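Asker: Sharing structure-v6.cif below, mmCIF, C-alpha atoms:
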```
data_input
#
loop_
_atom_site.label_atom_id
_atom_site.label_comp_id
_atom_site.auth_asym_id
_atom_site.auth_seq_id
_atom_site.Cartn_x
_atom_site.Cartn_y
_atom_site.Cartn_z
CA MET S 1 21.48 19.79 3.73
CA SER S 2 18.30 21.75 3.24
CA VAL S 3 18.58 25.08 1.44
CA THR S 4 15.75 27.31 2.56
CA VAL S 5 17.10 30.83 3.05
CA ASN S 6 18.14 31.82 -0.42
CA THR S 7 18.43 29.82 -3.59
CA PRO S 8 19.96 30.43 -7.00
CA VAL S 9 17.76 31.89 -9.71
CA VAL S 10 17.41 28.62 -11.61
CA THR S 11 16.24 26.88 -8.43
CA ARG S 12 13.61 29.54 -7.88
CA ILE S 13 12.39 28.97 -11.43
CA SER S 14 12.19 25.22 -10.71
CA ASP S 15 10.21 25.91 -7.57
CA GLU S 16 7.75 28.09 -9.46
CA ILE S 17 7.24 25.47 -12.18
CA VAL S 18 6.49 22.82 -9.56
CA ASN S 19 4.17 25.19 -7.68
CA ARG S 20 2.14 25.85 -10.81
CA LEU S 21 1.89 22.14 -11.61
CA GLN S 22 0.72 21.39 -8.07
CA ALA S 23 -2.55 23.10 -8.97
CA LEU S 24 -3.34 20.13 -11.21
CA VAL S 25 -3.18 17.53 -8.45
CA GLY S 26 -6.42 16.16 -7.13
CA GLY S 27 -8.64 17.73 -9.74
CA ASP S 28 -12.01 16.36 -10.66
CA ALA S 29 -11.11 14.97 -14.06
CA GLY S 30 -11.61 11.27 -13.51
CA THR S 31 -8.85 9.16 -15.02
CA TYR S 32 -7.19 12.36 -16.24
CA THR S 33 -6.54 13.48 -12.67
CA PHE S 34 -2.89 13.99 -11.86
CA ALA S 35 -1.63 11.89 -8.97
CA GLY S 36 1.11 14.24 -7.80
CA VAL S 37 4.14 16.32 -8.71
CA VAL S 38 7.57 15.18 -7.60
CA ARG S 39 11.18 16.18 -8.01
CA PRO S 40 13.50 13.22 -7.75
CA THR S 41 15.84 12.78 -4.84
CA LYS S 42 19.10 10.80 -4.89
CA ILE S 43 17.16 7.55 -4.74
CA MET S 44 13.63 8.37 -5.66
CA SER S 45 11.01 7.71 -3.03
CA TYR S 46 7.92 7.87 -5.25
CA THR S 47 6.32 5.07 -7.18
CA PRO S 48 5.56 5.55 -10.88
CA GLN S 49 1.81 5.62 -11.37
CA HIS S 50 -0.82 6.93 -13.73
CA GLY S 51 -0.94 10.71 -13.77
CA LEU S 52 2.24 11.28 -11.78
CA ILE S 53 4.24 14.32 -12.92
CA VAL S 54 8.00 14.19 -12.48
CA VAL S 55 9.93 17.40 -13.04
CA THR S 56 13.58 17.00 -13.98
CA ARG S 57 16.15 19.12 -15.72
CA GLY S 58 17.57 18.55 -19.15
CA GLU S 59 20.22 20.40 -21.06
CA VAL S 60 21.53 23.82 -20.02
CA SER S 61 23.38 26.05 -22.47
CA ARG S 62 24.82 29.54 -22.62
CA VAL S 63 23.11 32.19 -24.75
CA PRO S 64 25.93 34.66 -25.34
CA GLU S 65 23.94 36.84 -27.74
CA LEU S 66 21.73 37.87 -24.81
CA ASP S 67 24.64 38.66 -22.44
CA CYS S 68 25.05 42.23 -21.26
CA PRO S 69 28.33 44.08 -20.72
CA GLY S 70 29.01 45.80 -17.43
CA ASN S 71 30.78 45.33 -14.15
CA PRO S 72 29.90 42.67 -13.41
CA PRO S 73 28.65 41.55 -16.81
CA ALA S 74 25.42 39.56 -17.10
CA ASN S 75 25.42 36.02 -18.44
CA THR S 76 22.44 34.34 -20.04
CA TYR S 77 21.53 30.66 -19.80
CA ARG S 78 18.87 28.49 -21.39
CA GLN S 79 17.68 25.67 -19.14
CA THR S 80 15.39 22.90 -20.34
CA PHE S 81 12.99 21.54 -17.75
CA LEU S 82 11.40 18.20 -18.54
CA ILE S 83 7.84 17.81 -17.32
CA ARG S 84 7.35 14.03 -17.43
CA VAL S 85 4.02 12.33 -17.02
CA HIS S 86 3.47 8.62 -16.39
CA VAL S 87 0.53 7.26 -18.35
CA ALA S 88 -0.53 3.89 -16.95
CA PRO S 89 -4.30 3.55 -17.02
CA SER S 90 -6.16 0.36 -16.22
CA GLU S 91 -5.56 -2.54 -18.59
CA ASN S 92 -9.32 -2.53 -19.09
CA ASP S 93 -9.46 1.14 -20.09
CA GLU S 94 -10.20 1.40 -23.80
CA THR S 95 -9.23 5.07 -24.02
CA PRO S 96 -6.36 5.47 -26.51
CA VAL S 97 -3.21 6.57 -24.71
CA GLU S 98 -2.87 9.47 -27.15
CA VAL S 99 -6.07 10.90 -25.69
CA PHE S 100 -4.54 10.77 -22.23
CA GLU S 101 -1.45 12.46 -23.62
CA ASP S 102 -3.43 15.19 -25.38
CA VAL S 103 -5.61 16.02 -22.38
CA MET S 104 -2.79 15.90 -19.88
CA GLU S 105 -0.44 17.97 -22.01
CA ALA S 106 -3.13 20.60 -22.51
CA ALA S 107 -3.69 20.77 -18.76
CA ILE S 108 0.02 21.17 -18.14
CA LEU S 109 0.39 23.97 -20.68
CA GLN S 110 -2.53 25.83 -19.15
CA ALA S 111 -1.18 25.36 -15.65
CA ILE S 112 2.19 26.83 -16.61
CA ARG S 113 0.73 29.71 -18.67
CA VAL S 114 -1.04 31.27 -15.70
CA ASP S 115 -1.11 34.83 -17.06
CA GLU S 116 0.38 37.12 -19.71
CA THR S 117 3.77 37.22 -18.00
CA TRP S 118 3.94 33.50 -17.26
CA TYR S 119 7.30 33.19 -19.02
CA THR S 120 9.12 35.33 -16.43
CA PHE S 121 8.37 32.93 -13.58
CA ASN S 122 7.98 35.74 -11.07
CA ASP S 123 10.54 38.05 -12.73
CA HIS S 124 13.29 35.44 -12.76
CA ALA S 125 13.43 34.69 -16.48
CA LEU S 126 13.60 36.60 -19.77
CA ILE S 127 11.53 34.26 -21.88
CA ALA S 128 10.27 30.71 -22.04
CA ASP S 129 8.79 28.38 -24.60
CA PHE S 130 7.50 24.83 -24.81
CA GLY S 131 9.18 22.17 -26.91
CA ALA S 132 7.49 19.33 -28.76
CA GLN S 133 6.07 16.46 -26.73
CA VAL S 134 8.38 13.46 -26.40
CA THR S 135 7.27 9.86 -25.81
CA THR S 136 9.04 8.09 -22.93
CA THR S 137 9.62 4.36 -22.70
CA SER S 138 10.32 1.80 -20.00
CA ASP S 139 11.29 -1.88 -20.08
CA GLY S 140 11.00 -1.84 -23.84
CA GLY S 141 7.45 -0.51 -23.72
CA TYR S 142 5.44 2.66 -23.38
CA ASP S 143 5.57 4.72 -20.18
CA GLY S 144 4.23 8.18 -20.94
CA PHE S 145 5.43 11.48 -22.32
CA ALA S 146 7.52 14.51 -21.50
CA VAL S 147 6.96 18.17 -22.27
CA PRO S 148 10.19 20.18 -22.58
CA LEU S 149 10.00 23.70 -21.15
CA ASN S 150 12.88 25.93 -22.21
CA VAL S 151 13.53 28.85 -19.88
CA THR S 152 16.06 31.60 -20.64
CA TYR S 153 17.34 33.58 -17.67
CA ARG S 154 20.14 36.06 -17.00
CA ILE S 155 22.29 36.41 -13.91
CA SER S 156 25.32 38.38 -12.81
CA GLU S 157 28.55 36.73 -13.80
CA GLY S 158 29.71 34.51 -10.97
CA ASP S 159 26.59 35.29 -8.91
CA PRO S 160 23.77 32.83 -9.68
CA TYR S 161 21.63 34.40 -6.96
CA THR S 162 21.20 37.76 -8.68
CA VAL S 163 18.75 38.23 -11.54
CA ARG S 164 19.79 40.65 -14.29
CA GLY S 165 17.03 42.13 -16.36
CA MET O 1 -1.73 -35.77 -8.08
CA THR O 2 -0.19 -34.83 -11.43
CA LEU O 3 3.17 -33.13 -11.80
CA ALA O 4 1.41 -29.92 -12.76
CA ASP O 5 -0.71 -30.10 -9.60
CA ARG O 6 2.36 -30.76 -7.49
CA ILE O 7 4.20 -27.74 -8.96
CA VAL O 8 1.25 -25.48 -8.14
CA SER O 9 1.05 -26.94 -4.65
CA ASP O 10 4.78 -26.54 -4.05
CA ALA O 11 4.62 -22.92 -5.16
CA GLY O 12 2.40 -22.11 -2.23
CA ASN O 13 3.54 -24.60 0.38
CA VAL O 14 7.28 -24.73 -0.21
CA PHE O 15 8.53 -21.79 -2.24
CA LEU O 16 6.28 -19.27 -0.49
CA ASN O 17 6.86 -20.69 2.98
CA SER O 18 7.53 -17.92 5.52
CA ASP O 19 9.99 -20.21 7.28
CA HIS O 20 12.11 -20.15 4.16
CA PHE O 21 12.31 -17.00 2.02
CA ALA O 22 8.79 -15.64 1.80
CA GLU O 23 7.51 -12.55 3.59
CA SER O 24 4.04 -11.12 4.14
CA VAL O 25 3.19 -8.12 1.98
CA THR O 26 0.00 -6.17 1.38
CA TYR O 27 -1.51 -6.23 -2.09
CA TYR O 28 -3.68 -3.29 -3.16
CA PRO O 29 -5.78 -4.29 -6.16
CA PHE O 30 -6.43 -1.59 -8.72
CA ARG O 31 -6.28 1.75 -6.91
CA MET O 32 -8.41 3.34 -9.65
CA GLN O 33 -11.44 1.60 -8.17
CA PRO O 34 -10.79 1.70 -4.43
CA GLY O 35 -14.29 0.64 -3.55
CA ALA O 36 -14.36 -2.39 -5.78
CA ARG O 37 -11.80 -4.63 -4.09
CA THR O 38 -10.02 -4.48 -0.77
CA ALA O 39 -6.37 -4.90 0.13
CA ARG O 40 -5.19 -8.26 1.40
CA THR O 41 -2.08 -9.79 2.91
CA ILE O 42 -0.26 -12.29 0.74
CA LYS O 43 2.99 -14.23 0.74
CA ALA O 44 5.79 -13.15 -1.58
CA VAL O 45 9.44 -13.73 -2.25
CA VAL O 46 10.94 -10.30 -2.88
CA THR O 47 14.25 -9.60 -4.57
CA ARG O 48 15.35 -6.03 -3.87
CA ASN O 49 17.55 -4.00 -6.19
CA GLN O 50 18.01 -0.59 -4.67
CA VAL O 51 20.07 0.94 -7.46
CA SER O 52 18.42 0.58 -10.83
CA THR O 53 18.10 3.10 -13.62
CA PHE O 54 14.56 4.06 -14.52
CA ASN O 55 14.75 5.42 -18.04
CA PRO O 56 11.52 7.45 -18.29
CA ASP O 57 12.62 9.71 -15.45
CA GLU O 58 16.36 9.15 -15.91
CA GLN O 59 16.55 8.45 -12.20
CA ILE O 60 17.89 5.83 -9.84
CA VAL O 61 14.99 3.87 -8.39
CA PRO O 62 14.50 0.95 -6.05
CA GLU O 63 13.28 -2.01 -8.05
CA PHE O 64 11.58 -5.15 -6.78
CA GLU O 65 11.12 -8.54 -8.38
CA VAL O 66 8.17 -10.07 -6.56
CA ARG O 67 7.16 -13.73 -6.81
CA VAL O 68 3.67 -14.63 -5.66
CA ALA O 69 1.30 -17.55 -5.98
CA ASN O 70 -1.04 -17.42 -8.95
CA ASP O 71 -4.00 -17.50 -6.60
CA SER O 72 -6.71 -14.96 -5.87
CA THR O 73 -6.65 -15.72 -2.14
CA THR O 74 -3.11 -16.53 -1.05
CA GLY O 75 -1.44 -14.55 -3.84
CA ILE O 76 -2.52 -12.69 -6.96
CA SER O 77 -4.30 -14.43 -9.78
CA SER O 78 -3.09 -13.73 -13.29
CA ALA O 79 -6.69 -12.96 -14.25
CA GLU O 80 -7.15 -10.25 -11.64
CA LEU O 81 -3.74 -8.58 -12.00
CA ASN O 82 -3.94 -5.09 -13.47
CA THR O 83 -0.64 -3.32 -14.17
CA GLY O 84 -2.60 -0.11 -14.53
CA GLY O 85 -3.05 0.55 -10.84
CA ASP O 86 -2.24 -2.50 -8.72
CA GLN O 87 0.23 -1.84 -5.95
CA ILE O 88 2.13 -3.84 -3.33
CA ALA O 89 3.50 -2.39 -0.11
CA LEU O 90 7.21 -3.19 0.01
CA ALA O 91 10.09 -2.10 2.20
CA VAL O 92 12.99 -0.69 0.21
CA ARG O 93 15.37 -2.17 2.74
CA VAL O 94 14.59 -5.07 5.04
CA GLY O 95 13.39 -3.69 8.35
CA GLU O 96 12.09 -0.42 6.94
CA THR O 97 8.43 0.54 6.83
CA PRO O 98 6.80 -0.74 3.62
CA THR O 99 5.46 1.80 1.15
CA ARG O 100 3.12 1.18 -1.75
CA ARG O 101 4.86 0.40 -5.05
CA SER O 102 3.25 0.10 -8.44
CA VAL O 103 3.17 -3.25 -10.20
CA GLN O 104 4.59 -2.22 -13.55
CA THR O 105 5.21 -5.42 -15.45
CA LEU O 106 4.21 -9.06 -15.37
CA ILE O 107 7.61 -10.52 -16.21
CA GLU O 108 6.45 -14.12 -16.49
CA HIS O 109 3.81 -16.43 -15.11
CA ASP O 110 2.45 -19.95 -15.16
CA GLU O 111 -0.30 -21.82 -13.33
CA GLY O 112 1.70 -21.75 -10.11
CA MET O 113 3.34 -18.36 -9.82
CA LEU O 114 3.60 -14.79 -11.08
CA VAL O 115 6.84 -12.84 -11.33
CA LEU O 116 6.17 -9.11 -11.07
CA LEU O 117 8.33 -6.04 -11.50
CA CYS O 118 7.49 -3.30 -9.02
CA ARG O 119 8.97 0.15 -8.60
#
```
As structure tokens, how would this structure be written, given the file I've shared?

Answerer:
Amino acid sequence: MSVTVNTPVVTRISDEIVNRLQALVGGDAGTYTFAGVVRPTKIMSYTPQHGLIVVTRGEVSRVPELDCPGNPPANTYRQTFLIRVHVAPSENDETPVEVFEDVMEAAILQAIRVDETWYTFNDHALIADFGAQVTTTSDGGYDGFAVPLNVTYRISEGDPYTVRG
Amino acid sequence: MTLADRIVSDAGNVFLNSDHFAESVTYYPFRMQPGARTARTIKAVVTRNQVSTFNPDEQIVPEFEVRVANDSTTGISSAELNTGGDQIALAVRVGETPTRRSVQTLIEHDEGMLVLLCR
């Protein structure tokens, strides 16, 4: 089923994150160019490759200290989005992988922080912050890194479609 | 002909025989330098595993174990293989249209064959 008419607040935040990252694809940065941005499906249809960004979700938690009373009350959640990047340059490339990580992470941070109110993701969130970079592994070896993006948003109780400021 | 020669010969003529288990696939050498080398059709024995966990993305991915001749014409030579960009077009399910999959790991190899992990 394709949901196109209206989507919950957290989905709209996901969409905005992916939209901002799409601006990185196809840039003129040589081996630092990003190959694409994907969100996994049930059985993923993409192939892992150098510079591919994969956006997934991590932990979600309640933030009761930011709830608001009322009828209905407003509930606050903190969702971690994981912006994963595959780093697989040529075997002949002598560039240290940490340089790829540094450059690519910087590009991602700048792409997400588009303006002074970047953290609202088009008025859907209260605040957002980046976590520390995490190295990802595959088959017992190195695969790339992930940047956690923590987004706090508030919705009406029992109504995940309605943003509460 | 030595035993070693016969093993290499059998890899191409017997194991990778299309009348047995081999199929034709397209090998794309090193996509980072598209002008340097061109794609070519090679023989391969492909073992498909559609449900496999891929830890970096914490996703379920199709995984392929691909056996090819260690040969720069009929297969892929171990000297030319580059896991930083080489791809092989593979069908996730037999009968489907092949799509390009990255060669991620050289699992093992000898003078006769390479065993590759593609996703």

Asker: Which protein, DNA or RNA residues have an atom at most 10 Å from (11.6, 25.0, -9.9), counting all atoms listed in the file? List them as a PDB file with C-alpha atoms, in the frame of the given file.

Answerer:
```
ATOM      1  CA  VAL S   9      17.760  31.890  -9.710  1.00  0.00           C
ATOM      2  CA  VAL S  10      17.410  28.620 -11.610  1.00  0.00           C
ATOM      3  CA  THR S  11      16.240  26.880  -8.430  1.00  0.00           C
ATOM      4  CA  ARG S  12      13.610  29.540  -7.880  1.00  0.00           C
ATOM      5  CA  ILE S  13      12.390  28.970 -11.430  1.00  0.00           C
ATOM      6  CA  SER S  14      12.190  25.220 -10.710  1.00  0.00           C
ATOM      7  CA  ASP S  15      10.210  25.910  -7.570  1.00  0.00           C
ATOM      8  CA  GLU S  16       7.750  28.090  -9.460  1.00  0.00           C
ATOM      9  CA  ILE S  17       7.240  25.470 -12.180  1.00  0.00           C
ATOM     10  CA  VAL S  18       6.490  22.820  -9.560  1.00  0.00           C
ATOM     11  CA  ASN S  19       4.170  25.190  -7.680  1.00  0.00           C
ATOM     12  CA  ARG S  20       2.140  25.850 -10.810  1.00  0.00           C
ATOM     13  CA  ARG S  39      11.180  16.180  -8.010  1.00  0.00           C
ATOM     14  CA  VAL S  55       9.930  17.400 -13.040  1.00  0.00           C
ATOM     15  CA  THR S  56      13.580  17.000 -13.980  1.00  0.00           C
ATOM     16  CA  ARG S  57      16.150  19.120 -15.720  1.00  0.00           C
ATOM     17  CA  PHE S  81      12.990  21.540 -17.750  1.00  0.00           C
ATOM     18  CA  PHE S 121       8.370  32.930 -13.580  1.00  0.00           C
TER      19      PHE S 121
END
```

Asker: Only residues of chain O matter here; which ones have an atom within 8 Å of chain S, counting only C-alpha atoms? Give them as a list in words.

Answerer: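 Selected residues: Phe30, Met32, Val51, Phe54, Asn55, Pro56, Asp57, Gln59, Ile60, Val61, Pro62, Asn82, Thr83, Gly84, Gly85, Arg100, Arg101, Ser102 and Arg119 of chain O.
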
Asker: For Asp67 of chain S, work out the shell of residues within 6 Å, counting only C-alpha atoms and skipping chain neighbours fewer than 4 positions away, then give it as a list of chain:residue names.

Answerer: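 So, after excluding close chain neighbours, the residues are S:Ala74, S:Asn75, S:Thr76.
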
Asker: Please report the interatomic distance between atom CA of Tyr153 of chain S and atom CA of His124 of chain S in Å with one decimal.

Answerer: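 Taking atom CA of Tyr153 of chain S and atom CA of His124 of chain S, their separation equals 6.6 Å.
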
Asker: Just checking: using all atoms listed in the file, which residue out of O:Asn70, O:Gln87, O:Thr53, O:Thr97 ends up closest to Glu111 of chain O?

Answerer: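 Of O:Asn70, O:Gln87, O:Thr53, O:Thr97, the one nearest Glu111 of chain O, counting all atoms listed in the file, is O:Asn70.
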
Asker: Within 12 Å of Thr74 of chain O, counting only C-alpha atoms, which residues show up once you throw out same-chain ones fewer than 3 positions away? Write them as a list in words, please.

Answerer: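 The residues that qualify are Ser9, Ala11, Gly12, Asn13, Leu16, Asn17, Ser24, Val25, Thr26, Tyr27, Arg40, Thr41, Ile42, Lys43, Ala44, Val68, Ala69, Asn70, Asp71, Ser77, Gly112 and Met113 of chain O.
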
Asker: Given the PyMOL selection byres ((chain S and resi 36) around 9) and the file above, list the residues it selects as a PyMOL selection string.

Answerer: chain S and resi 21-22+24-26+34-35+37-38+51-54

Asker: List as a PyMOL selection string the protein and nucleic acid residues near Val94 of chain O, meaning an atom at most 12 Å away when only C-alpha atoms are counted, but skip any in the same chain fewer than 6 places from it.

Answerer: chain O and resi 23+46-50

Asker: Under the rule that all atoms listed in the file are counted, which of O:Cys118, O:Asp19, O:Val14, O:Leu3 is the nearest residue to Ala91 of chain O?

Answerer: O:Cys118

Asker: Exactly which residues make up the result of the PyMOL selection byres ((chain S and resi 104-107) around 9) on this file, given as an NGL selection string?

Answerer: :S and (24 or 32-34 or 51 or 85 or 99-103 or 108-112 or 133 or 145-147)

Asker: Have a look at atom CA of Pro29 of chain O and atom CA of Leu116 of chain O and let me know their distance in Å, one decimal.

Answerer: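 Interatomic distance here is 13.8 Å.
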
Asker: Can you report as AutoDock Vina command-line options the centre and edge lengths in Å, to one decimal, of an axis-aligned box around the listed atoms of segment 106-114 of chain O padded with 4 Å on each side?

Answerer:
```
--center_x 3.7 --center_y -15.4 --center_z -13.2 --size_x 15.9 --size_y 20.8 --size_z 14.7
```

Asker: Which residues, written as a PyMOL selection string, have at least one atom at most 12 Å from Ser61 of chain S, with only C-alpha atoms counted and residues fewer than 2 positions away on the same chain left out?

Answerer: chain S and resi 58-59+63-64+75-80+150-154

Asker: Would you kindly identify which residues have an atom no farther than 9 Å from (27.9, 39.5, -14.3), using only C-alpha atoms and the file's own coordinates, and write them out as a ChimeraX atom specification?

Answerer: /S:67-75,154-159,162,164

Asker: By how many Å are atom CA of Ile88 of chain O and atom CA of Ser18 of chain O apart?

Answerer: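 Value for the atom CA of Ile88 of chain O-atom CA of Ser18 of chain O distance: 17.5 Å.
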
Asker: Using all atoms listed in the file for the distances, tell me which of S:Glu94, S:Gly140, S:Leu149, S:Val163 is nearest to Thr105 of chain O.

Answerer: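 Closest residue, counting all atoms listed in the file: S:Gly140.
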
Asker: Could you check the closest approach to Ala89 of chain O for each of O:Val103, O:Glu108, O:Met1, O:His20 and tell me which residue wins, using only C-alpha atoms?

Answerer: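 Ranked by minimum distance to Ala89 of chain O, first place goes to O:Val103.
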